[in-house]
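Asker: Can you keep this structure in mind? I'll have questions shortly.
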Amino acid sequence: MYKKSIILLLTLLLLPVSQLSAQEVDYSGTSAANFLKIGVGARIVSMGDAGIASVNDASALYWNPAAITRVEDTGSIVISSMNWLVDTRVSYLASVLNLPGFGYVGVDVQYLDYGNIEETTVYDQDGTGRFFSASDLAVGLGYARRLSERFSFGIKIKYISEELANVSADAFGFDAGAVFTTSFFDNGLRLAATLTNFGNKMKFSGRDLSITYTLPGSPSSKQVPANLESLEWEIPLLFRFGISNYFVDNEEYSILGAYEVLDSRDFDVRHSVGTEIGYRNIFFIRGGYKFNYSEINYTAGLGFDFTDVLGYKLKLDYAFLSYGVFESLHQFSFAVNF
């Protein structure tokens, strides 16, 4: 029963969040490491994930590696945490450093913890008292450079790992992104594009895939050791295109608008719109709407910039996500520039 639970949970790990239309080839359930689709950084998440052209802190390493060139000062650190679905938790840590004459470099870590899962059997359906754990991890190293005053390009290489009890799989992925600031509007409308999670396939292996097989038709019910063979799975290749613009940006108020389109091999094209309204660069109200998602639709959030209040470049952001039949989610982020 324990081995069957492992196999069932492995299957759940591979399920994407939506299905393709019946008129096309259905690639649902054909990607591993789907935790890479979970947005991080409360500011961008509260704007409906419309972030690749508007992100300006260290969380840009997740959304668009080219956008780390928008980090002000010497560098930036972002810490983000959120209770995800069914008692799991997503944590994110990123740091970016500006090296004059060389470019911008950064590292980030994304971690999804499934917690401890109690073992059950046919005879112990209330639990055996033994527990196993599961987790997903991505560690990235990014580099970006301003190629001109208006154009930036960035790349990130990352190591991806998934573990469930005594089985695991890993892969390497590659992200690339670009940001271009146009001369449209007074504040310069930004265009951005990213291709993320281009890499090799993942294949699960480990001692929990070892089983004892009973030969059919054997009069003595002979049992022999065997190994279950898992298939290789693609990591979720994503293409994003986004635009953002400050329609108002003065000492009293700021109004930011953003739009993004997301295309993937394992779900239909999705769209997101988001906005941010700021007051004296201290207090921010944010909102967003996500189109063609299975459960989530609208998002909202708040932000506080303590630079003028405390004299330190600290930011605290909060995001609220309405997740349909699931409970609502709350994400918090803390950012500091130095």
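To be explicit about the labels: the chains of the structure tokens are called A, B, and onward in the order shown, and within each one the residues are counted from 1, while ligands get numbers from 1 in the order they are shown.
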May I have the residues within 6 Å of Ile77 of chain A as a PyMOL selection string, using only C-alpha atoms and disregarding those fewer than 6 positions away in the same chain?
Answerer: chain A and resi 58+94-95+335-336
Asker: Restricted to C-alpha atoms, what would the selected residues look like written as an mmCIF file, in the first residue's frame?
Answerer:
```
data_model
loop_
_atom_site.group_PDB
_atom_site.id
_atom_site.type_symbol
_atom_site.label_atom_id
_atom_site.label_comp_id
_atom_site.auth_asym_id
_atom_site.auth_seq_id
_atom_site.Cartn_x
_atom_site.Cartn_y
_atom_site.Cartn_z
ATOM 1 C CA ALA A 58 15.402 40.624 -7.196
ATOM 2 C CA ALA A 94 16.591 35.938 -4.447
ATOM 3 C CA SER A 95 19.567 38.270 -4.420
ATOM 4 C CA ALA A 335 12.495 43.346 -0.158
ATOM 5 C CA VAL A 336 15.533 45.442 0.674
#
```
Asker: With only C-alpha atoms as the counted atoms, please give the residues lying no more than 12 Å from Tyr143 of chain A, apart from itself and same-chain residues fewer than 2 positions off, as a ChimeraX atom specification.
Answerer: /A:58,60-61,64-69,95-99,102-108,140-141,145-146,152-158,174-178
Asker: For the atom pair atom CA of Tyr318 of chain A and atom CA of Ser91 of chain A, what is the interatomic distance in Å to one decimal place?
Answerer: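 Interatomic distance, atom CA of Tyr318 of chain A to atom CA of Ser91 of chain A: 14.2 Å.
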Asker: Which of these, A:Ser168, A:Gly301, A:Ser254, A:Gly278, has the shortest distance to Ser230 of chain A once you count only C-alpha atoms?
Answerer: A:Ser168
Asker: How many Å separate atom CA of Ile282 of chain A from atom CA of Leu93 of chain A?
Answerer: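 Going from atom CA of Ile282 of chain A over to atom CA of Leu93 of chain A, I get 23.5 Å.
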Asker: Between atom CA of Ser76 of chain A and atom CA of Phe334 of chain A, what distance in Å does the model show, to one decimal?
Answerer: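 Computed distance, atom CA of Ser76 of chain A to atom CA of Phe334 of chain A, equals 10.6 Å.
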Asker: Kindly indicate which residue among A:Ile243, A:Ser59, A:Leu314, A:Asn83 lies nearest to Ser328 of chain A, using only C-alpha atoms for the distances.
Answerer: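 So, comparing all the options, the nearest one is A:Asn83.
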